[in-house]
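Q: So that you have it, the file is protein.txt, and it contains compact mmCIF, C-alpha atoms:
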# COMPACT_ATOMS: atom_id res chain seq x y z
CA MET A 1 117.42 109.44 68.30
CA SER A 2 115.92 112.81 67.51
CA ASP A 3 118.05 115.83 68.26
CA ASP A 4 115.42 117.62 70.34
CA LYS A 5 115.25 114.84 72.90
CA THR A 6 117.51 115.06 75.94
CA PRO A 7 119.92 112.15 75.65
CA LEU A 8 119.84 109.61 78.42
CA ALA A 9 122.73 110.12 80.80
CA ASP A 10 125.68 107.80 80.29
CA THR A 11 123.88 105.93 77.52
CA PRO A 12 125.63 106.48 74.18
CA LEU A 13 123.33 105.42 71.37
CA PHE A 14 124.91 104.04 68.27
CA ASP A 15 123.58 106.64 65.88
CA ARG A 16 124.70 108.53 62.79
CA LYS A 17 127.45 110.43 64.59
CA ALA A 18 128.92 107.39 66.35
CA GLY A 19 128.55 105.29 63.22
CA ILE A 20 130.56 107.75 61.15
CA ARG A 21 133.20 108.33 63.84
CA GLY A 22 133.74 104.64 64.51
CA TYR A 23 133.37 103.20 61.02
CA LYS A 24 137.00 102.17 60.51
CA LEU A 25 137.36 100.86 64.06
CA ASN A 26 134.23 98.75 63.69
CA LYS A 27 135.31 97.55 60.26
CA MET A 28 138.67 96.42 61.63
CA ALA A 29 136.92 94.67 64.55
CA MET A 30 134.38 93.01 62.24
CA SER A 31 137.21 91.48 60.23
CA LEU A 32 138.33 89.55 63.33
CA GLY A 33 135.42 87.19 62.72
CA GLU A 34 137.80 85.50 60.24
CA GLU A 35 140.72 83.39 61.40
CA PRO A 36 143.37 84.77 58.97
CA ASN A 37 142.65 88.28 60.25
CA ARG A 38 142.91 87.14 63.86
CA LYS A 39 146.33 85.70 63.03
CA ALA A 40 147.43 88.93 61.36
CA PHE A 41 146.19 90.96 64.34
CA LEU A 42 148.16 88.75 66.75
CA ALA A 43 151.27 88.78 64.58
CA ASP A 44 151.54 92.58 64.31
CA GLU A 45 148.69 94.47 65.90
CA GLU A 46 149.86 97.96 64.99
CA ALA A 47 150.40 97.09 61.33
CA PHE A 48 146.98 95.44 61.26
CA LEU A 49 145.31 98.54 62.71
CA ASP A 50 147.20 100.73 60.22
CA SER A 51 145.91 98.60 57.35
CA TYR A 52 142.40 99.73 58.30
CA GLY A 53 143.46 103.38 58.42
CA LEU A 54 142.72 103.95 62.11
CA ASP A 55 143.62 107.44 63.33
CA ALA A 56 146.20 107.80 66.11
CA GLU A 57 143.64 108.36 68.86
CA THR A 58 141.64 105.27 67.95
CA LYS A 59 144.73 103.16 67.44
CA ALA A 60 146.00 104.09 70.90
CA ALA A 61 142.65 103.23 72.50
CA VAL A 62 142.68 99.78 70.89
CA MET A 63 146.28 99.05 71.75
CA VAL A 64 145.83 99.78 75.46
CA ARG A 65 142.34 98.16 75.42
CA ASP A 66 140.63 101.30 76.68
CA TRP A 67 137.05 100.11 76.14
CA HIS A 68 135.39 103.28 77.36
CA GLU A 69 137.48 105.32 74.95
CA MET A 70 136.80 102.94 72.05
CA VAL A 71 133.06 103.42 72.61
CA ARG A 72 133.54 107.18 72.89
CA LEU A 73 135.31 107.10 69.53
CA GLY A 74 132.36 105.36 67.89
CA GLY A 75 133.19 101.75 68.58
CA ASN A 76 130.12 99.58 68.98
CA LEU A 77 130.38 96.87 71.62
CA PHE A 78 129.13 94.13 69.33
CA PHE A 79 132.01 94.76 66.93
CA ILE A 80 134.75 95.50 69.44
CA LEU A 81 133.87 92.37 71.40
CA LYS A 82 135.83 90.55 68.69
CA ILE A 83 138.95 92.32 69.96
CA SER A 84 138.13 91.07 73.45
CA ALA A 85 137.74 87.53 72.08
CA ILE A 86 141.38 87.61 70.97
CA ASP A 87 142.76 88.65 74.37
CA PRO A 88 140.42 87.27 75.83
CA THR A 89 138.87 89.95 78.05
CA PRO A 90 135.64 89.00 79.88
CA ILE A 91 132.65 91.20 79.05
CA ILE A 92 132.17 91.98 82.72
CA ALA A 93 135.65 93.56 82.78
CA ILE A 94 134.62 95.67 79.78
CA GLY A 95 131.44 96.73 81.56
CA ALA A 96 133.36 97.60 84.73
CA ALA A 97 135.92 99.64 82.79
CA GLN A 98 133.17 101.73 81.21
CA ALA A 99 131.42 102.23 84.54
CA GLY A 100 134.74 103.32 86.05
CA MET A 101 134.64 100.59 88.68
CA SER A 102 136.70 97.60 89.73
CA VAL A 103 135.28 94.31 88.47
CA GLU A 104 134.34 93.36 92.02
CA ASP A 105 132.48 96.63 92.70
CA PHE A 106 130.78 96.41 89.32
CA MET A 107 129.53 92.90 90.01
CA ILE A 108 128.16 93.85 93.39
CA GLN A 109 126.79 97.32 92.64
CA ARG A 110 125.49 96.85 89.11
CA LEU A 111 124.88 93.13 88.76
CA GLY A 112 123.94 92.37 92.37
CA LYS A 113 126.42 89.49 92.62
CA ARG A 114 128.46 88.57 95.66
CA ASN A 115 131.00 86.43 93.86
CA GLY A 116 132.10 85.42 90.40
CA MET B 1 97.27 75.74 55.54
CA ALA B 2 100.20 75.96 57.96
CA GLU B 3 99.35 76.49 61.60
CA ILE B 4 100.82 78.64 64.37
CA ILE B 5 101.09 76.34 67.37
CA GLY B 6 102.73 78.69 69.82
CA GLY B 7 104.83 81.77 70.52
CA LEU B 8 107.87 81.75 72.76
CA GLY B 9 110.03 84.62 73.93
CA THR B 10 113.54 84.34 75.31
CA SER B 11 116.83 86.08 76.00
CA HIS B 12 119.67 85.22 73.64
CA VAL B 13 122.75 86.17 75.69
CA PRO B 14 125.97 84.76 74.15
CA SER B 15 127.35 83.59 77.50
CA ILE B 16 124.52 81.01 77.47
CA CYS B 17 126.32 79.37 74.52
CA VAL B 18 129.58 79.59 76.38
CA ALA B 19 128.05 77.92 79.45
CA LEU B 20 126.81 75.07 77.23
CA ASP B 21 130.11 74.81 75.34
CA LYS B 22 132.03 74.58 78.61
CA GLY B 23 129.51 72.19 80.18
CA ILE B 24 128.95 74.49 83.17
CA ASP B 25 125.18 74.75 82.77
CA GLN B 26 124.59 72.71 85.94
CA THR B 27 126.87 74.80 88.20
CA PRO B 28 125.24 76.82 91.02
CA GLN B 29 125.71 79.98 88.96
CA TRP B 30 123.89 78.72 85.86
CA LYS B 31 121.53 75.94 87.00
CA PRO B 32 118.73 78.28 88.15
CA PHE B 33 118.75 79.91 84.72
CA PHE B 34 118.72 76.68 82.71
CA ASP B 35 116.12 74.99 84.95
CA GLY B 36 113.56 77.48 83.68
CA TYR B 37 113.95 76.04 80.19
CA ASP B 38 112.94 72.48 81.11
CA TYR B 39 109.30 73.32 80.49
CA PRO B 40 109.72 74.93 77.04
CA LYS B 41 111.97 72.03 75.95
CA GLN B 42 109.29 69.56 77.00
CA TRP B 43 106.62 71.71 75.33
CA MET B 44 108.56 71.51 72.04
CA LYS B 45 108.84 67.72 72.33
CA GLU B 46 105.10 67.39 72.86
CA HIS B 47 103.99 69.91 70.25
CA LYS B 48 106.44 68.82 67.51
CA PRO B 49 106.78 71.94 65.35
CA ASP B 50 108.10 71.56 61.80
CA ILE B 51 109.33 75.14 61.43
CA ALA B 52 110.65 77.71 63.91
CA VAL B 53 110.42 81.36 62.88
CA VAL B 54 113.27 83.04 64.78
CA ILE B 55 113.13 86.81 65.19
CA PHE B 56 116.46 88.22 66.32
CA ASN B 57 119.11 90.83 65.61
CA ASP B 58 122.55 90.27 64.17
CA HIS B 59 125.30 91.50 66.50
CA GLY B 60 127.86 92.61 63.96
CA ASN B 61 128.53 89.06 62.82
CA ALA B 62 126.66 88.51 59.57
CA MET B 63 126.02 92.15 58.73
CA PHE B 64 128.36 95.14 58.83
CA LEU B 65 127.51 98.83 58.83
CA ASP B 66 128.10 99.19 55.10
CA ARG B 67 124.38 98.46 54.63
CA VAL B 68 121.89 98.23 57.46
CA PRO B 69 118.54 96.68 56.59
CA THR B 70 115.76 97.39 59.09
CA PHE B 71 114.15 94.00 58.46
CA THR B 72 115.67 90.98 56.70
CA VAL B 73 113.92 87.75 55.70
CA GLY B 74 115.99 84.59 55.22
CA VAL B 75 115.24 82.47 52.15
CA ALA B 76 118.32 80.24 52.24
CA ASP B 77 118.18 76.44 52.28
CA THR B 78 120.98 76.32 54.91
CA TYR B 79 122.39 78.69 57.52
CA LYS B 80 125.80 78.16 59.05
CA PRO B 81 126.53 79.43 62.57
CA SER B 82 128.59 82.66 62.54
CA ASP B 83 132.17 82.78 63.79
CA GLU B 84 131.89 85.56 66.36
CA GLY B 85 135.62 85.82 66.92
CA TRP B 86 136.01 82.71 69.06
CA GLY B 87 136.14 80.27 66.15
CA PRO B 88 133.32 78.10 64.79
CA ARG B 89 131.00 76.40 67.30
CA ALA B 90 130.35 72.67 67.28
CA ILE B 91 126.66 72.82 66.45
CA PRO B 92 124.91 71.61 63.29
CA ASP B 93 123.98 73.96 60.45
CA PHE B 94 120.35 75.06 60.35
CA ALA B 95 118.08 73.91 57.51
CA GLY B 96 116.07 76.81 56.10
CA ALA B 97 112.31 76.90 55.51
CA GLU B 98 112.96 78.65 52.21
CA ASP B 99 109.44 78.32 50.74
CA LEU B 100 107.84 79.92 53.80
CA GLY B 101 110.58 82.58 53.70
CA TRP B 102 109.70 83.55 50.13
CA HIS B 103 106.00 83.46 50.91
CA PHE B 104 106.54 85.76 53.88
CA ALA B 105 108.66 88.13 51.77
CA ASP B 106 105.85 88.25 49.19
CA LYS B 107 103.27 89.01 51.86
CA LEU B 108 105.43 91.69 53.46
CA VAL B 109 105.87 93.59 50.21
CA GLU B 110 102.17 93.19 49.42
CA ARG B 111 101.49 94.81 52.79
CA HIS B 112 103.84 97.72 52.04
CA PHE B 113 106.90 96.53 53.96
CA ASP B 114 110.31 96.68 52.27
CA PRO B 115 112.49 93.85 53.63
CA MET B 116 115.94 92.78 52.58
CA ILE B 117 115.81 89.20 51.28
CA ALA B 118 118.87 87.12 52.17
CA ARG B 119 119.87 83.81 50.65
CA GLU B 120 123.49 83.45 51.77
CA ILE B 121 124.08 84.51 55.35
CA THR B 122 125.18 83.08 58.71
CA VAL B 123 123.17 83.18 61.94
CA ASP B 124 124.82 84.36 65.15
CA HIS B 125 124.04 83.73 68.82
CA GLY B 126 120.79 85.68 68.45
CA CYS B 127 119.40 82.63 66.64
CA GLN B 128 121.66 79.90 68.04
CA VAL B 129 120.92 80.52 71.72
CA PRO B 130 117.10 80.35 71.49
CA MET B 131 117.36 77.19 69.37
CA GLU B 132 119.63 75.50 71.90
CA LEU B 133 117.54 76.62 74.85
CA PHE B 134 114.28 75.37 73.37
CA PHE B 135 115.39 72.29 71.42
CA GLY B 136 118.60 71.23 73.17
CA ARG B 137 121.79 70.70 71.20
CA PRO B 138 121.28 67.96 68.61
CA GLU B 139 123.96 65.48 67.57
CA ASP B 140 123.36 65.70 63.83
CA ALA B 141 120.43 67.87 62.84
CA TRP B 142 117.94 70.31 64.35
CA PRO B 143 114.40 68.91 64.65
CA VAL B 144 112.91 71.90 62.77
CA LYS B 145 113.68 74.09 59.78
CA ILE B 146 114.11 77.76 60.54
CA LEU B 147 112.84 80.98 59.03
CA PRO B 148 115.17 83.67 60.39
CA ILE B 149 113.95 87.26 60.53
CA TRP B 150 116.55 89.87 61.41
CA VAL B 151 115.60 93.20 62.98
CA ASN B 152 118.13 96.03 63.17
CA THR B 153 118.47 96.89 66.85
CA VAL B 154 122.12 97.95 66.65
CA GLN B 155 122.29 101.18 64.66
CA PHE B 156 119.75 103.96 65.10
CA PRO B 157 117.25 104.48 63.63
CA ILE B 158 115.98 101.11 64.86
CA PRO B 159 112.36 100.30 63.98
CA THR B 160 109.58 101.45 66.28
CA PRO B 161 107.87 98.92 68.55
CA GLN B 162 104.66 99.53 66.59
CA ARG B 163 106.39 98.62 63.32
CA CYS B 164 107.61 95.35 64.83
CA TRP B 165 104.03 94.68 65.90
CA ASP B 166 102.75 95.40 62.39
CA MET B 167 105.27 93.00 60.88
CA GLY B 168 104.04 90.32 63.29
CA ARG B 169 100.53 90.73 61.91
CA VAL B 170 101.82 90.08 58.40
CA LEU B 171 103.77 87.08 59.70
CA ARG B 172 100.53 85.59 61.02
CA GLU B 173 98.80 86.20 57.70
CA ALA B 174 101.72 84.64 55.81
CA ILE B 175 101.80 81.48 57.92
CA GLU B 176 98.03 81.03 57.87
CA SER B 177 97.95 81.40 54.08
CA PHE B 178 100.94 79.13 53.44
CA PRO B 179 99.89 76.05 51.48
CA GLY B 180 100.87 72.99 53.48
CA ASP B 181 100.27 71.47 56.89
CA GLU B 182 103.42 72.64 58.68
CA ARG B 183 103.24 73.31 62.39
CA VAL B 184 105.00 76.61 63.04
CA VAL B 185 106.36 77.97 66.30
CA ILE B 186 107.45 81.62 66.57
CA LEU B 187 110.42 82.65 68.68
CA GLY B 188 110.75 86.32 69.66
CA THR B 189 114.18 86.89 71.17
CA GLY B 190 116.43 89.43 72.89
CA GLY B 191 116.59 91.33 76.16
CA LEU B 192 115.71 91.42 78.91
CA SER B 193 117.18 94.51 80.60
CA HIS B 194 120.85 95.09 79.82
CA GLN B 195 123.27 97.78 78.77
CA LEU B 196 126.74 97.03 77.46
CA GLN B 197 127.91 100.52 76.52
CA GLY B 198 128.76 103.75 78.28
CA ALA B 199 129.06 104.66 81.94
CA ARG B 200 125.61 103.14 82.61
CA ALA B 201 126.97 99.73 81.50
CA GLY B 202 125.67 96.95 83.71
CA PHE B 203 122.29 98.66 84.09
CA LEU B 204 119.62 96.11 85.04
CA ASN B 205 115.96 96.70 85.84
CA GLU B 206 114.39 93.71 87.55
CA GLN B 207 111.11 95.49 88.19
CA ALA B 208 110.65 96.38 84.52
CA ASP B 209 111.65 92.87 83.43
CA ARG B 210 109.11 91.29 85.76
CA ASP B 211 106.45 93.73 84.59
CA TRP B 212 107.26 92.80 80.98
CA LEU B 213 106.86 89.08 81.64
CA ALA B 214 103.70 89.61 83.69
CA THR B 215 101.85 91.82 81.19
CA PHE B 216 103.36 90.93 77.81
CA ALA B 217 100.56 88.46 77.07
CA SER B 218 97.61 90.35 78.55
CA ASP B 219 98.47 93.95 77.70
CA PRO B 220 100.66 94.10 74.59
CA ASP B 221 99.11 97.44 73.64
CA LYS B 222 101.04 99.04 76.48
CA TRP B 223 104.32 97.75 75.09
CA ARG B 224 103.74 98.42 71.41
CA SER B 225 102.74 102.01 72.04
CA MET B 226 105.91 102.83 73.99
CA SER B 227 108.64 104.84 72.28
CA ARG B 228 112.10 103.52 71.48
CA GLU B 229 113.50 106.08 73.90
CA ASP B 230 111.34 104.60 76.67
CA TYR B 231 112.63 101.12 75.88
CA VAL B 232 116.23 102.34 76.12
CA GLU B 233 115.57 104.13 79.37
CA LYS B 234 113.61 101.28 80.96
CA PHE B 235 115.52 98.26 79.67
CA GLY B 236 118.95 99.69 78.75
CA SER B 237 120.45 100.45 75.34
CA GLU B 238 120.68 96.77 74.36
CA GLY B 239 117.59 95.78 76.37
CA ALA B 240 115.61 97.60 73.69
CA GLU B 241 115.98 94.32 71.75
CA LEU B 242 112.75 93.37 73.50
CA ILE B 243 110.84 95.08 70.68
CA MET B 244 111.47 91.87 68.73
CA TRP B 245 109.19 89.91 71.07
CA LEU B 246 106.38 92.12 69.75
CA VAL B 247 106.68 90.50 66.30
CA MET B 248 105.87 87.17 67.94
CA ARG B 249 103.11 88.60 70.13
CA ALA B 250 101.35 90.24 67.19
CA ALA B 251 101.48 86.98 65.23
CA MET B 252 99.56 85.32 68.05
CA GLN B 253 95.86 85.93 68.67
CA GLN B 254 94.66 88.72 70.96
CA GLU B 255 93.67 86.12 73.55
CA VAL B 256 96.51 83.83 74.56
CA THR B 257 97.21 81.41 77.38
CA VAL B 258 100.46 81.85 79.27
CA LYS B 259 101.84 78.35 79.79
CA HIS B 260 105.11 79.34 81.45
CA THR B 261 107.30 82.26 82.45
CA HIS B 262 110.80 82.24 83.89
CA TYR B 263 113.11 84.98 85.13
CA HIS B 264 116.70 84.93 86.33
CA LEU B 265 119.03 87.79 87.24
CA PRO B 266 121.76 88.19 86.17
CA ALA B 267 122.86 85.97 83.28
CA SER B 268 126.21 87.53 82.40
CA MET B 269 125.23 91.24 82.38
CA THR B 270 121.53 90.83 81.62
CA GLY B 271 118.16 90.10 83.08
CA ALA B 272 117.19 86.80 81.46
CA GLY B 273 114.03 84.81 80.99
CA CYS B 274 111.41 83.28 78.77
CA ILE B 275 107.68 82.95 78.14
CA VAL B 276 105.56 80.28 76.43
CA LEU B 277 102.23 81.31 74.84
CA GLU B 278 99.49 79.37 73.11
CA ASN B 279 96.51 80.84 71.30
CA ALA B 280 93.50 80.63 73.62
Here is a file; write its structure as structure tokens.
A:
Amino acid sequence: MSDDKTPLADTPLFDRKAGIRGYKLNKMAMSLGEEPNRKAFLADEEAFLDSYGLDAETKAAVMVRDWHEMVRLGGNLFFILKISAIDPTPIIAIGAAQAGMSVEDFMIQRLGKRNG
Amino acid sequence: MAEIIGGLGTSHVPSICVALDKGIDQTPQWKPFFDGYDYPKQWMKEHKPDIAVVIFNDHGNAMFLDRVPTFTVGVADTYKPSDEGWGPRAIPDFAGAEDLGWHFADKLVERHFDPMIAREITVDHGCQVPMELFFGRPEDAWPVKILPIWVNTVQFPIPTPQRCWDMGRVLREAIESFPGDERVVILGTGGLSHQLQGARAGFLNEQADRDWLATFASDPDKWRSMSREDYVEKFGSEGAELIMWLVMRAAMQQEVTVKHTHYHLPASMTGAGCIVLENA
């Protein structure tokens, strides 16, 4: 996105800045596409995150599953979805968390659904 | 020479795979979505393509951010399905149309494009979902070979809609100059409106989606001349994947017949649907 364009409200684009900020987080998440890494993550999550050199802020966001914060720190949803696959956390819960809504409100207000 | 027998567009939402894996595709939640794919499945059976060109984006499964090619052409003889974190899926590997892949790569470079050429790579749900929706899930082998074309829609700068269109023109030239009698179908995939990231997550735009499906065939100039920013605003940050349908549209003739459209809202967090085009 060009710098002279007003960014779209509440729509973080995965650009140079986010890509640099979130590189290690995304690299860690990418590795969860392989079973041995999923096992290592489950066995000792903190040690696994440390092995990818995550800074304290990012590590904390992952460990409490703060999806909004992970995106703010440069995480890209397509990579960090592999963390959610381990839990597993439904994508609608991740959407709701970023919108700052309960899952129920999110489904009704954003997705136009009355039930799950 | 090989022949383009049709162009189809579709969503490729991963939860479609999950619905099929869990066998919940006939539940009240999913049936209305899947019913719209009866026609394209039947169309495939009647038209018997030999090769499916599948235009999609990788979602951080086969490609990381260490190198981000704008366009990638597959020239492998086999593509395995990616493990997206949930473990491998029980679907057959995809046989590659490697000769057409190389021919297309040659044509692209001749026409001043600079693709990455990939011969060992997996295909994620961006390719798997359209194949399952249009061909059903086979027991042993897919009924067609595939030529996968990856478009970067994840990390900005993503290509412009016009550039996707231009690549589609070269795709048409490549297929129509390919020695052989293969029947080729082109699948443009992604969208429709959705946004997975940020406080606007869950953004859907039914009106824009319906406008897209209604005018995609008759007025592609409107869509190829839009900016990337407009796509993001109108369809959401991930809904901008729709630019990949333009590759398919440009490979078709100016005059096309719309055989079928389908729209369903929401599938997971997206507007979902498909279109079936034949050259007029």
Q: Give me, as a list in words, the contact residues of chain B against chain A at a cut-off of 6 Å, counting only C-alpha atoms.
A: His59, Gly60, Asp83, Glu84, Gly85, Trp86, Gln155, Phe156, Gly198, Ala199, Arg200, Ala201 and Gly202 of chain B
Q: Separation of atom CA of B:Asn57 and atom CA of B:Pro159, in Å?
A: 11.7 Å
Q: Hey, can you check how far atom CA of B:Val170 sits from atom CA of B:Ile158?
A: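 Atom CA of B:Ile158 lies 19.1 Å from atom CA of B:Val170.
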Q: From the options B:Phe56, B:Trp223, B:Phe33, B:Phe94, which residue's atoms come nearest to B:Thr160, counting all atoms listed in the file?
A: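 Selected residue with least distance to B:Thr160: B:Trp223.
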Q: Please determine, counting all atoms listed in the file, which residue among B:Ala251, B:Leu147, B:Leu192, B:Val184 has the shortest atom-to-atom distance to B:Pro266.
A: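 Nearest candidate to B:Pro266 out of B:Ala251, B:Leu147, B:Leu192, B:Val184: B:Leu192.
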Q: Counting only C-alpha atoms, which residues have an atom no more than 10 Å from (112.3, 93.2, 88.0) in the file's coordinates? Please list them as a PyMOL selection string.
A: chain B and resi 192-193+204-213+263-265+271
Q: In Å, rounded to a single decimal, give me how far atom CA of B:Lys22 is from atom CA of B:Pro148.
A: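 Rounded to one decimal, the two atoms are 26.4 Å apart.
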Q: Excluding A:Ala60 and any residue of its chain fewer than 5 positions from it, enumerate the residues within 10 Å of it, using all atoms listed in the file, and give them as a JSON list (two decimals) with C-alpha atoms, in the frame of the given file.
A:
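Resulting contents of part-v1.json:
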[["chain", "number", "residue", "atom", "x", "y", "z"],
["A", 46, "GLU", "CA", 149.86, 97.96, 64.99],
["A", 49, "LEU", "CA", 145.31, 98.54, 62.71],
["A", 54, "LEU", "CA", 142.72, 103.95, 62.11],
["A", 55, "ASP", "CA", 143.62, 107.44, 63.33],
["A", 65, "ARG", "CA", 142.34, 98.16, 75.42],
["A", 66, "ASP", "CA", 140.63, 101.30, 76.68],
["A", 69, "GLU", "CA", 137.48, 105.32, 74.95],
["A", 70, "MET", "CA", 136.80, 102.94, 72.05]]
Q: As number ranges by chain, please: the residues near A:Asp50 (cut-off 12 Å, all atoms listed in the file, same-chain neighbours under 6 positions excluded).
A: A: 24-25, 28, 40-41, 44, 56, 58-60, 62-63
Q: Those residues you just picked out, can you put them in a file as a PDB file, keeping the file's coordinate frame with C-alpha atoms?
A:
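out_3.pdb, written as the output of this step:
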ATOM      1  CA  LYS A  24     137.000 102.170  60.510  1.00  0.00           C
ATOM      2  CA  LEU A  25     137.360 100.860  64.060  1.00  0.00           C
ATOM      3  CA  MET A  28     138.670  96.420  61.630  1.00  0.00           C
ATOM      4  CA  ALA A  40     147.430  88.930  61.360  1.00  0.00           C
ATOM      5  CA  PHE A  41     146.190  90.960  64.340  1.00  0.00           C
ATOM      6  CA  ASP A  44     151.540  92.580  64.310  1.00  0.00           C
ATOM      7  CA  ALA A  56     146.200 107.800  66.110  1.00  0.00           C
ATOM      8  CA  THR A  58     141.640 105.270  67.950  1.00  0.00           C
ATOM      9  CA  LYS A  59     144.730 103.160  67.440  1.00  0.00           C
ATOM     10  CA  ALA A  60     146.000 104.090  70.900  1.00  0.00           C
ATOM     11  CA  VAL A  62     142.680  99.780  70.890  1.00  0.00           C
ATOM     12  CA  MET A  63     146.280  99.050  71.750  1.00  0.00           C
TER      13      MET A  63
END
Q: Rank nothing, just name the residue among B:Arg228, B:Lys259, B:His12, B:Lys45 nearest to B:Gly136, using all atoms listed in the file.
A: B:Lys45
Q: Just add N, CA, C and O atoms to stretch 69-85 of chain A and send it as a PDB file, in the frame of the given file.
A:
ATOM      1  N   GLU A  69     137.015 104.403  76.000  1.00  0.00           N
ATOM      2  CA  GLU A  69     137.480 105.320  74.950  1.00  0.00           C
ATOM      3  C   GLU A  69     137.086 104.798  73.558  1.00  0.00           C
ATOM      4  O   GLU A  69     136.671 105.571  72.693  1.00  0.00           O
ATOM      5  N   MET A  70     137.194 103.500  73.358  1.00  0.00           N
ATOM      6  CA  MET A  70     136.800 102.940  72.050  1.00  0.00           C
ATOM      7  C   MET A  70     135.325 103.241  71.770  1.00  0.00           C
ATOM      8  O   MET A  70     134.958 103.593  70.648  1.00  0.00           O
ATOM      9  N   VAL A  71     134.481 103.120  72.807  1.00  0.00           N
ATOM     10  CA  VAL A  71     133.060 103.420  72.610  1.00  0.00           C
ATOM     11  C   VAL A  71     132.876 104.922  72.358  1.00  0.00           C
ATOM     12  O   VAL A  71     132.121 105.333  71.480  1.00  0.00           O
ATOM     13  N   ARG A  72     133.633 105.734  73.094  1.00  0.00           N
ATOM     14  CA  ARG A  72     133.540 107.180  72.890  1.00  0.00           C
ATOM     15  C   ARG A  72     133.917 107.560  71.455  1.00  0.00           C
ATOM     16  O   ARG A  72     133.362 108.486  70.868  1.00  0.00           O
ATOM     17  N   LEU A  73     134.841 106.808  70.890  1.00  0.00           N
ATOM     18  CA  LEU A  73     135.310 107.100  69.530  1.00  0.00           C
ATOM     19  C   LEU A  73     134.456 106.398  68.466  1.00  0.00           C
ATOM     20  O   LEU A  73     134.855 106.289  67.314  1.00  0.00           O
ATOM     21  N   GLY A  74     133.299 105.917  68.868  1.00  0.00           N
ATOM     22  CA  GLY A  74     132.360 105.360  67.890  1.00  0.00           C
ATOM     23  C   GLY A  74     132.402 103.850  67.767  1.00  0.00           C
ATOM     24  O   GLY A  74     131.719 103.273  66.919  1.00  0.00           O
ATOM     25  N   GLY A  75     133.203 103.211  68.599  1.00  0.00           N
ATOM     26  CA  GLY A  75     133.190 101.750  68.580  1.00  0.00           C
ATOM     27  C   GLY A  75     131.863 101.240  69.104  1.00  0.00           C
ATOM     28  O   GLY A  75     131.311 101.808  70.039  1.00  0.00           O
ATOM     29  N   ASN A  76     131.338 100.209  68.472  1.00  0.00           N
ATOM     30  CA  ASN A  76     130.120  99.580  68.980  1.00  0.00           C
ATOM     31  C   ASN A  76     130.526  98.267  69.638  1.00  0.00           C
ATOM     32  O   ASN A  76     131.311  97.498  69.086  1.00  0.00           O
ATOM     33  N   LEU A  77     129.980  98.025  70.821  1.00  0.00           N
ATOM     34  CA  LEU A  77     130.380  96.870  71.620  1.00  0.00           C
ATOM     35  C   LEU A  77     130.325  95.562  70.833  1.00  0.00           C
ATOM     36  O   LEU A  77     131.201  94.719  70.975  1.00  0.00           O
ATOM     37  N   PHE A  78     129.278  95.408  70.015  1.00  0.00           N
ATOM     38  CA  PHE A  78     129.130  94.130  69.330  1.00  0.00           C
ATOM     39  C   PHE A  78     130.297  93.881  68.366  1.00  0.00           C
ATOM     40  O   PHE A  78     130.695  92.743  68.160  1.00  0.00           O
ATOM     41  N   PHE A  79     130.836  94.936  67.788  1.00  0.00           N
ATOM     42  CA  PHE A  79     132.010  94.760  66.930  1.00  0.00           C
ATOM     43  C   PHE A  79     133.269  94.608  67.770  1.00  0.00           C
ATOM     44  O   PHE A  79     134.036  93.670  67.572  1.00  0.00           O
ATOM     45  N   ILE A  80     133.458  95.522  68.734  1.00  0.00           N
ATOM     46  CA  ILE A  80     134.750  95.500  69.440  1.00  0.00           C
ATOM     47  C   ILE A  80     134.870  94.314  70.397  1.00  0.00           C
ATOM     48  O   ILE A  80     135.966  94.017  70.848  1.00  0.00           O
ATOM     49  N   LEU A  81     133.772  93.603  70.626  1.00  0.00           N
ATOM     50  CA  LEU A  81     133.870  92.370  71.400  1.00  0.00           C
ATOM     51  C   LEU A  81     134.794  91.353  70.715  1.00  0.00           C
ATOM     52  O   LEU A  81     135.359  90.482  71.367  1.00  0.00           O
ATOM     53  N   LYS A  82     134.955  91.483  69.399  1.00  0.00           N
ATOM     54  CA  LYS A  82     135.830  90.550  68.690  1.00  0.00           C
ATOM     55  C   LYS A  82     137.304  90.826  69.022  1.00  0.00           C
ATOM     56  O   LYS A  82     138.142  89.946  68.894  1.00  0.00           O
ATOM     57  N   ILE A  83     137.598  92.051  69.451  1.00  0.00           N
ATOM     58  CA  ILE A  83     138.950  92.320  69.960  1.00  0.00           C
ATOM     59  C   ILE A  83     139.104  91.612  71.311  1.00  0.00           C
ATOM     60  O   ILE A  83     140.121  90.985  71.589  1.00  0.00           O
ATOM     61  N   SER A  84     138.054  91.692  72.120  1.00  0.00           N
ATOM     62  CA  SER A  84     138.130  91.070  73.450  1.00  0.00           C
ATOM     63  C   SER A  84     138.230  89.550  73.339  1.00  0.00           C
ATOM     64  O   SER A  84     138.795  88.898  74.205  1.00  0.00           O
ATOM     65  N   ALA A  85     137.673  88.989  72.259  1.00  0.00           N
ATOM     66  CA  ALA A  85     137.740  87.530  72.080  1.00  0.00           C
ATOM     67  C   ALA A  85     139.173  87.087  71.840  1.00  0.00           C
ATOM     68  O   ALA A  85     139.562  85.973  72.188  1.00  0.00           O
TER      69      ALA A  85
END
